[in-house]
Structure formats: C-alpha cells, structure tokens
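Novice: Contents of protein_27.cif (mmCIF, C-alpha atoms and all ligand atoms) are below:
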data_work
#
loop_
_atom_site.label_atom_id
_atom_site.label_comp_id
_atom_site.auth_asym_id
_atom_site.auth_seq_id
_atom_site.Cartn_x
_atom_site.Cartn_y
_atom_site.Cartn_z
CA MET A 21 -11.50 4.01 -11.22
CA GLY A 22 -11.99 7.37 -12.84
CA GLU A 23 -9.56 9.42 -10.82
CA THR A 24 -5.81 9.62 -11.18
CA THR A 25 -3.89 6.79 -9.56
CA PHE A 26 -0.72 7.70 -7.72
CA CYS A 27 2.17 5.28 -7.23
CA CYS A 28 4.78 5.29 -4.47
CA VAL A 29 8.14 4.62 -6.10
CA GLN A 30 9.54 3.34 -2.81
CA CYS A 31 6.98 0.66 -1.83
CA ARG A 32 5.00 0.41 -5.14
CA LEU A 33 1.66 1.10 -3.49
CA LEU A 34 -0.98 2.43 -5.86
CA GLN A 35 -3.24 4.90 -4.10
CA PRO A 36 -5.52 7.90 -4.54
CA PRO A 37 -3.79 11.28 -5.09
CA THR A 38 -1.74 12.16 -2.00
CA ALA A 39 1.28 14.18 -0.88
CA ALA A 40 2.75 11.30 1.15
CA CYS A 41 2.52 7.53 0.71
CA ALA A 42 -0.21 6.09 2.95
CA GLU A 43 2.10 3.29 4.09
CA CYS A 44 5.71 4.42 4.05
CA GLY A 45 5.09 8.16 4.36
CA THR A 46 7.60 9.11 1.66
CA PRO A 47 6.78 12.12 -0.52
CA MET A 48 7.94 10.05 -3.53
CA VAL A 49 4.41 9.52 -4.85
CA ALA A 50 3.12 10.82 -8.17
CA PRO A 51 0.69 9.81 -10.94
CA VAL A 52 1.65 6.30 -12.06
CA GLU A 53 1.76 7.32 -15.74
CA LEU A 54 4.35 9.95 -14.91
CA VAL A 55 6.63 7.88 -12.72
CA ARG A 56 6.50 4.70 -14.76
CA GLU A 57 10.09 5.15 -15.95
CA LEU A 58 11.19 5.10 -12.34
CA LEU A 59 9.58 1.70 -11.85
CA TYR A 60 12.36 0.19 -13.94
CA TYR A 61 14.76 0.92 -11.08
CA ARG A 62 15.04 -1.53 -8.25
CA ASP A 63 16.13 0.88 -5.59
CA MET A 64 14.84 4.42 -5.21
CA LYS A 65 16.47 4.94 -1.84
CA MET A 66 19.38 6.62 -3.59
CA VAL A 67 17.11 9.41 -4.77
CA SER A 68 17.52 12.35 -2.44
CA GLY A 69 14.78 14.77 -1.47
CA ARG A 70 16.39 17.34 -3.75
CA ASP A 71 16.31 14.95 -6.71
CA TRP A 72 12.65 14.24 -6.00
CA ALA A 73 11.86 17.96 -5.86
CA PHE A 74 13.47 18.27 -9.29
CA ILE A 75 11.55 15.30 -10.66
CA THR A 76 8.21 16.56 -9.38
CA ALA A 77 8.98 20.02 -10.76
CA MET A 78 9.42 18.38 -14.16
CA ILE A 79 6.18 16.47 -13.72
CA ALA A 80 4.37 19.66 -12.76
CA GLY A 81 5.89 21.36 -15.79
CA GLY A 82 4.35 18.71 -18.00
CA SER A 83 7.65 17.21 -19.09
CA ILE A 84 7.49 13.45 -19.09
CA ALA A 85 10.81 12.99 -20.92
CA PHE A 86 12.15 10.92 -18.07
CA PRO A 87 14.48 8.63 -19.99
CA VAL A 88 16.40 11.64 -21.27
CA LEU A 89 16.31 13.68 -18.10
CA ALA A 90 16.79 10.92 -15.58
CA PRO A 91 20.62 10.93 -15.74
CA ILE A 92 20.60 14.61 -14.91
CA ALA A 93 17.97 14.42 -12.21
CA LEU A 94 19.19 11.27 -10.56
CA GLY A 95 22.81 12.05 -9.85
CA SER A 96 23.52 8.60 -8.50
CA ILE A 97 22.13 6.86 -11.55
CA VAL A 98 24.85 8.54 -13.62
CA ALA A 99 27.21 6.19 -11.81
CA LEU A 100 25.54 3.28 -13.56
CA GLY A 101 26.82 4.63 -16.86
CA ILE A 102 24.91 5.51 -19.97
CA GLY A 103 25.18 1.97 -21.33
CA LYS A 104 23.53 0.52 -18.25
CA LEU A 105 20.81 3.13 -18.42
CA ARG A 106 20.09 2.26 -22.02
CA GLU A 107 19.91 -1.39 -21.07
CA LEU A 108 17.46 -0.64 -18.24
CA ARG A 109 15.34 1.39 -20.60
CA MET A 110 15.21 -1.46 -23.09
CA ARG A 111 13.88 -3.86 -20.54
CA ARG A 112 10.37 -4.96 -21.20
CA VAL A 113 9.27 -5.37 -17.63
CA ILE A 114 9.56 -3.17 -14.59
CA ALA A 115 11.91 -4.19 -11.81
CA GLY A 116 10.66 -5.97 -8.70
CA ILE A 117 11.63 -4.47 -5.36
CA GLU A 118 12.05 -5.80 -1.88
CA LEU A 119 9.11 -4.49 0.09
CA PRO A 120 10.22 -2.24 2.95
CA ALA A 121 9.11 -3.58 6.34
CA PRO A 122 6.18 -1.64 7.78
CA HIS A 123 6.95 0.59 10.76
CA ALA A 124 4.66 0.61 13.75
CA ALA A 125 4.61 3.83 15.75
CA ALA A 126 6.87 3.88 18.83
CA ASN A 127 3.96 3.79 21.31
CA ALA A 128 1.89 1.27 19.34
CA ARG A 129 -0.13 -1.50 21.01
CA THR A 130 -1.33 -4.80 19.61
CA VAL A 131 -5.01 -5.64 20.10
CA ILE A 132 -6.70 -8.89 19.10
CA GLY A 133 -10.28 -9.28 17.98
CA THR A 134 -12.80 -10.00 15.24
CA PRO A 135 -13.42 -7.35 12.56
CA HIS A 136 -16.97 -6.08 12.09
CA LYS A 137 -18.55 -3.53 9.81
CA PHE A 138 -18.67 0.05 11.10
CA ARG A 139 -20.28 2.33 8.50
CA THR A 140 -19.83 0.40 5.33
CA THR A 141 -17.79 -2.12 3.40
CA VAL A 142 -15.76 -1.62 0.21
CA SER A 143 -15.78 -3.72 -2.94
CA SER A 144 -12.99 -6.22 -3.46
CA MET A 145 -10.68 -5.25 -6.34
CA ILE A 146 -10.66 -8.89 -7.33
CA ASP A 147 -14.27 -10.09 -7.30
CA GLY A 148 -16.36 -7.16 -6.09
CA ALA A 149 -17.38 -8.94 -2.87
CA PRO A 150 -17.85 -6.74 0.23
CA VAL A 151 -14.64 -6.54 2.28
CA LEU A 152 -13.33 -4.43 5.15
CA LEU A 153 -9.72 -4.49 3.99
CA GLU A 154 -7.95 -6.01 1.01
CA HIS A 155 -4.36 -6.07 -0.20
CA ALA A 156 -3.47 -7.19 -3.73
CA MET A 157 0.13 -7.46 -4.83
CA VAL A 158 1.92 -8.65 -7.96
CA ARG A 159 5.31 -10.31 -7.57
CA ASP A 160 7.72 -11.18 -10.36
CA ARG A 161 9.23 -14.65 -10.76
CA GLY A 162 12.09 -13.78 -8.44
CA GLY A 163 9.69 -12.73 -5.68
CA GLY A 164 10.26 -9.00 -6.17
CA VAL A 165 7.23 -6.77 -5.64
CA LEU A 166 6.10 -5.08 -8.86
CA ILE A 167 2.98 -3.23 -7.81
CA ARG A 168 0.35 -3.42 -5.09
CA ARG A 169 -2.80 -1.78 -3.85
CA SER A 170 -4.88 -1.70 -0.69
CA VAL A 171 -8.55 -0.88 -0.34
CA GLY A 172 -10.31 -0.65 2.96
CA THR A 173 -12.58 1.25 5.27
CA SER A 174 -12.90 1.92 8.99
CA PHE A 175 -14.01 -1.15 10.94
CA LEU A 176 -14.83 -2.15 14.49
CA LEU A 177 -12.69 -4.73 16.23
CA GLU A 178 -14.80 -6.72 18.69
CA ARG A 179 -12.65 -7.77 21.63
CA GLU A 180 -13.33 -10.59 24.07
CA ASP A 181 -13.00 -8.78 27.39
CA GLU A 182 -13.40 -5.14 26.48
CA GLY A 183 -15.60 -2.95 24.33
CA PRO A 184 -15.00 -2.49 20.61
CA LEU A 185 -12.03 -0.63 19.11
CA LEU A 186 -12.43 1.47 15.96
CA VAL A 187 -9.67 0.89 13.40
CA THR A 188 -9.38 3.71 10.86
CA GLY A 189 -6.99 5.51 8.51
CA ALA A 190 -4.03 3.97 6.68
CA ALA A 191 -3.76 0.20 7.18
CA ARG A 192 -1.48 -2.54 5.96
CA LEU A 193 -2.79 -6.09 5.83
CA VAL A 194 -0.37 -8.93 6.46
CA SER A 195 -2.09 -12.26 5.93
CA ALA A 196 -1.52 -15.53 4.12
CA PRO A 197 -2.48 -14.64 0.54
CA VAL A 198 -4.18 -16.60 -2.19
CA ARG A 199 -1.72 -16.79 -5.12
CA GLU A 200 -2.28 -17.22 -8.81
CA VAL A 201 -0.29 -16.63 -11.96
CA ILE A 202 -1.50 -13.74 -14.12
CA ASP A 203 -0.44 -12.00 -17.29
CA ARG A 204 -0.48 -8.31 -18.17
CA HIS A 205 -3.94 -8.49 -19.74
CA ASP A 206 -5.60 -9.70 -16.57
CA PRO A 207 -8.66 -7.48 -15.92
CA ARG A 208 -7.96 -7.50 -12.18
CA LEU A 209 -4.87 -5.39 -12.83
CA ARG A 210 -7.18 -2.72 -14.27
CA SER A 211 -9.33 -2.71 -11.14
CA MET A 212 -6.13 -2.26 -9.10
CA GLY A 213 -5.42 0.87 -11.18
CA VAL A 214 -2.46 -0.55 -13.11
CA PRO A 215 -2.15 1.22 -16.50
CA ALA A 216 -3.11 -1.13 -19.34
CA ASP A 217 0.23 -0.72 -21.11
CA LEU A 218 2.45 -1.29 -18.08
CA ALA A 219 4.26 -4.57 -18.64
CA ILE A 220 3.40 -6.57 -15.57
CA ALA A 221 3.19 -10.33 -15.16
CA GLY A 222 3.88 -12.72 -12.35
CA SER A 223 1.84 -13.96 -9.45
CA LEU A 224 -1.06 -12.05 -7.94
CA GLU A 225 -1.33 -12.37 -4.17
CA ILE A 226 -4.64 -11.45 -2.62
CA ALA A 227 -5.49 -11.22 1.06
CA ASN A 228 -8.57 -9.71 2.64
CA VAL A 229 -10.51 -9.20 5.84
CA GLU A 230 -14.25 -9.73 5.74
CA GLU A 231 -17.06 -8.91 8.14
CA GLY A 232 -16.84 -11.33 11.07
CA GLY A 233 -13.98 -13.13 9.35
CA ILE A 234 -10.58 -14.18 10.64
CA VAL A 235 -9.39 -13.11 14.08
CA VAL A 236 -6.76 -10.41 13.57
CA ALA A 237 -4.06 -8.73 15.59
CA VAL A 238 -3.99 -4.98 14.92
CA THR A 239 -1.03 -2.84 15.91
CA GLY A 240 -1.11 0.92 16.22
CA VAL A 241 -1.53 3.84 18.57
CA VAL A 242 -4.80 3.78 20.56
CA GLU A 243 -6.45 7.02 21.62
CA ASP A 244 -9.96 7.74 22.87
CA GLU A 245 -11.99 9.74 20.39
CA THR A 246 -15.60 10.82 20.11
CA VAL A 247 -17.45 8.97 17.37
CA ALA A 248 -20.88 10.49 16.72
CA GLU A 249 -22.47 7.28 15.37
CA LEU A 250 -21.73 5.47 18.63
CA ALA A 251 -23.05 8.19 20.94
CA PHE A 252 -26.43 6.52 21.46
CA HIS A 253 -25.12 3.43 23.22
CA ARG A 254 -21.82 4.51 24.67
CA ASP A 255 -20.64 7.30 26.96
CA GLY A 256 -21.04 10.28 24.66
CA GLY A 257 -19.59 8.18 21.84
CA ARG A 258 -16.12 8.03 23.39
CA ILE A 259 -14.40 4.89 22.22
CA PRO A 260 -10.81 3.75 21.74
CA VAL A 261 -9.65 4.44 18.19
CA MET A 262 -6.59 3.08 16.42
CA ARG A 263 -5.81 5.51 13.61
CA GLY A 264 -3.21 4.78 10.94
CA VAL A 265 -1.35 7.73 9.43
CA PRO A 266 1.04 7.99 6.47
CA GLY A 267 4.35 6.45 7.55
CA ALA A 268 2.73 4.61 10.48
CA PRO A 269 -0.21 2.56 9.14
CA VAL A 270 -2.19 0.26 11.42
CA LEU A 271 -0.78 -3.23 10.88
CA VAL A 272 -3.55 -5.79 10.49
CA GLU A 273 -2.25 -9.34 10.78
CA ASP A 274 -3.87 -12.73 10.68
CA ARG A 275 -3.83 -13.85 14.33
CA ARG A 276 -2.69 -17.33 13.31
CA LEU A 277 0.41 -15.89 11.62
CA VAL A 278 1.25 -13.87 14.72
CA GLY A 279 0.95 -17.04 16.81
CA ALA A 280 3.21 -18.96 14.42
CA ALA A 281 5.82 -16.20 14.57
CA LEU A 282 5.83 -16.28 18.38
CA MET A 283 6.35 -20.04 18.48
CA ARG A 284 9.36 -19.94 16.18
ZN ZN A 301 5.18 3.92 -0.08
#
Could you express the structure from this file as structure tokens?
Specialist:
Amino acid sequence: MGETTFCCVQCRLLQPPTAACAECGTPMVAPVELVRELLYYRDMKMVSGRDWAFITAMIAGGSIAFPVLAPIALGSIVALGIGKLRELRMRRVIAGIELPAPHAAANARTVIGTPHKFRTTVSSMIDGAPVLLEHAMVRDRGGGVLIRRSVGTSFLLEREDEGPLLVTGAARLVSAPVREVIDRHDPRLRSMGVPADLAIAGSLEIANVEEGGIVVAVTGVVEDETVAELAFHRDGGRIPVMRGVPGAPVLVEDRRLVGAALMR
C-alpha cells in the first residue's frame, strides 16, 4: 500500500485518508505514524473535540512530539499523573481496546441473501484471493482489539423472493473468524497497513465474504437509486441500494450467527 494509512483512535480501524472514520464516524482519524502514541491509551473517549482539534493542529504543524505535548493537549490525561504517563510511555506494546458496538441507522432494515460480484472483487489482505469483503483484526492476549482493517467493494445481494440489492459504501463484517497467533514480524500485518515498527502481537482474526459464499444478513438503509450498469436489464437501472456511510456502516453478518443470536 503506497498511500498514507489513517488510523481511527477510537475503534482502531486502519483506512485510507479520510476526515471521518468509515465505521464509527468520529473525526479522530489521522495518519497512523502520527497518532501511534495515542494507541498506548485504552480509552480515547475522554478526548474532547477541542483536544482533538489541538492534536490535529500539532500534526498539521509537523510536530510529532506527542509524549511531551500529550499532558498539555489531553487535559484528562493529566489526572493520571506524570508517573503514570511515563509508565504508559515505557510500555512496549500498544493497549487493546474494547471495540465499540456498530450503530445501525435508525431506519435500517435487515435483508438476507447471497453475495455476488457487482463490478469487481478486491484482493484479500491475507492471501490475495478475490473477496467481496474482508475484516482482519489483531487482539491482544486479554482479548482487547489492537488494530484492524476492512477491505471491500460494492456487491449484489441475491434475494430469494425479490430482485437483487446493491450493497455499497462503508461496511462492517461480523462473522465467525479464523484465528491464529502472530508476532509483530508477520508479513500480513504489512498488507493491513500496520507500520513495521509498531509493536503488535496476539491473535489475528480473519473473516471474509466471497462471491456466492455464505448467506449473509445485511442491515442498513435501503433506497432506490439509478445504477447505470444495470440499466440494460432493469427498469432504467433503478434498483434498491443499501449504502453505508461513516458512522452508520452497512452491517454484514453471517446468517448463521444471526440465527444463533435469535435462538438464545
Ligand atoms: Zn472508528
């Protein structure tokens, strides 16, 4: 990945440069190299919008002297005391966080179907195989989330009784992952966009959605839109579209997990 990787300090999602996190919608996203000091803190909720404006102003000004400036910028961290700060700074590994629960939009619907390719597929971060959506996440030993990344593209959801639905925009995949233990030198961390010198180790959890793969339940707001590519076989290309936006991504869940949750 040649371009700058941004990191959301609230949900630890690595993503392309953006003004708001694709999943949680917070403006607390910045180049991962510049916010790495902040990844040593477990909870960024205490950082106010004003603090963040100050931090980003420092980033824009080219100052990356976070360890020194953090006590001034982050008023609430002062409460931890200088000793505690020093201790945090000495830690070798970044702190795991509890992943905030994804928010579906108020008027969201859940639709069930089988994912199919629309325009294209993307390459898996893990093995390069073609996928429609993939989520890779590293947890520490205590289960805290260290860092994660999603890749994906628009896809068609083929439904049983109705025509297809186009799923596009920000998406969050919730599916039973494949887990394996990794260390900080694992090359797959590089393809996720994790800086080589960021001390990360734990278990890597990978989940993906492939062409014609698992039946999924997608949740989001559905609106009819005109899609040029579909004009030839559908009324002027009007089809239902579920579009995820920053702060309200489309939730893509393994249908079997949804079923299990309902039976509990
Ligand atoms: Zn986020």
Novice: Measuring atom to atom with all atoms listed in the file, identify which of A:Leu59, A:Val278, A:Ala251, A:Cys44 is nearest to Val194 of chain A.
Specialist: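 When distances to Val194 of chain A are compared using all atoms listed in the file, the smallest one comes from A:Val278.
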Novice: Quick one: of A:Gly148, A:Pro37, A:Gly232, A:Pro120, who's nearest to ligand ZN 301 (chain A), counting all atoms listed in the file?
Specialist: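 Looking only at the distances to ligand ZN 301 (chain A), the closest residue turns out to be A:Pro120.
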Novice: Within 9 Å of Arg208 of chain A, counting all atoms listed in the file, which residues show up once you throw out same-chain ones fewer than 5 positions away? Write them as a list of chain:residue names, please.
Specialist: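 Near neighbours after the sequence-gap exclusion: A:Met145, A:Ile146, A:Asp147, A:Gly213, A:Val214.
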Novice: Find the residues near ligand ZN 301 (chain A). Use a cut-off of 7 Å, count all atoms listed in the file, and write them as a list in words.
Specialist: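 These are the residues that qualify: Cys28, Val29, Gln30, Cys31, Arg32, Leu33, Cys41, Ala42, Glu43, Cys44, Gly45 and Thr46 of chain A.
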Novice: Could you tell me how far atom CA of Ala73 of chain A lies from atom CA of Pro122 of chain A, in Å and to one decimal?
Specialist: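 Between atom CA of Ala73 of chain A and atom CA of Pro122 of chain A the gap works out to 24.5 Å.
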Novice: Box along x, y and z, 6 Å on every side, all listed atoms of segment 123-126 of chain A inside: centre and edge lengths in Å to one decimal, as JSON.
Specialist:
{"center_x": 5.8, "center_y": 2.2, "center_z": 14.8, "size_x": 14.3, "size_y": 15.3, "size_z": 20.1}
Novice: With a distance cut-off of 9 Å and all atoms listed in the file, select the neighbouring residues of Arg56 of chain A, excluding the residue or stretch itself and same-chain residues fewer than 4 positions from it, and output the selection as a PyMOL selection string.
Specialist: chain A and resi 27+29+51-52+60+114+218
Novice: Using all atoms listed in the file, which of A:Glu118, A:Asp181, A:Glu231, A:Glu245 sits nearest Phe138 of chain A?
Specialist: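 Under the stated criterion, the closest residue is A:Glu231.
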Novice: What's the separation between atom CA of Ala39 of chain A and atom CA of Val229 of chain A, in Å to one decimal place?
Specialist: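 So the two atoms, atom CA of Ala39 of chain A and atom CA of Val229 of chain A, lie 27.0 Å apart.
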Novice: Record the distance separating atom CA of Thr188 of chain A and atom CA of Val270 of chain A, expressed in Å with one decimal.
Specialist: 8.0 Å
Novice: Need to verify the contact set: Gly162 of chain A, 12 Å, all atoms listed in the file, exclusion of same-chain residues closer than 4 positions in sequence. Can you return it as a ChimeraX atom specification?
Specialist: /A:115-118,158,166,221-223
Novice: Between A:Pro207, A:Pro150, A:Gly172, A:Pro266, which has the minimum distance to Val49 of chain A (counting only C-alpha atoms)?
Specialist: A:Pro266
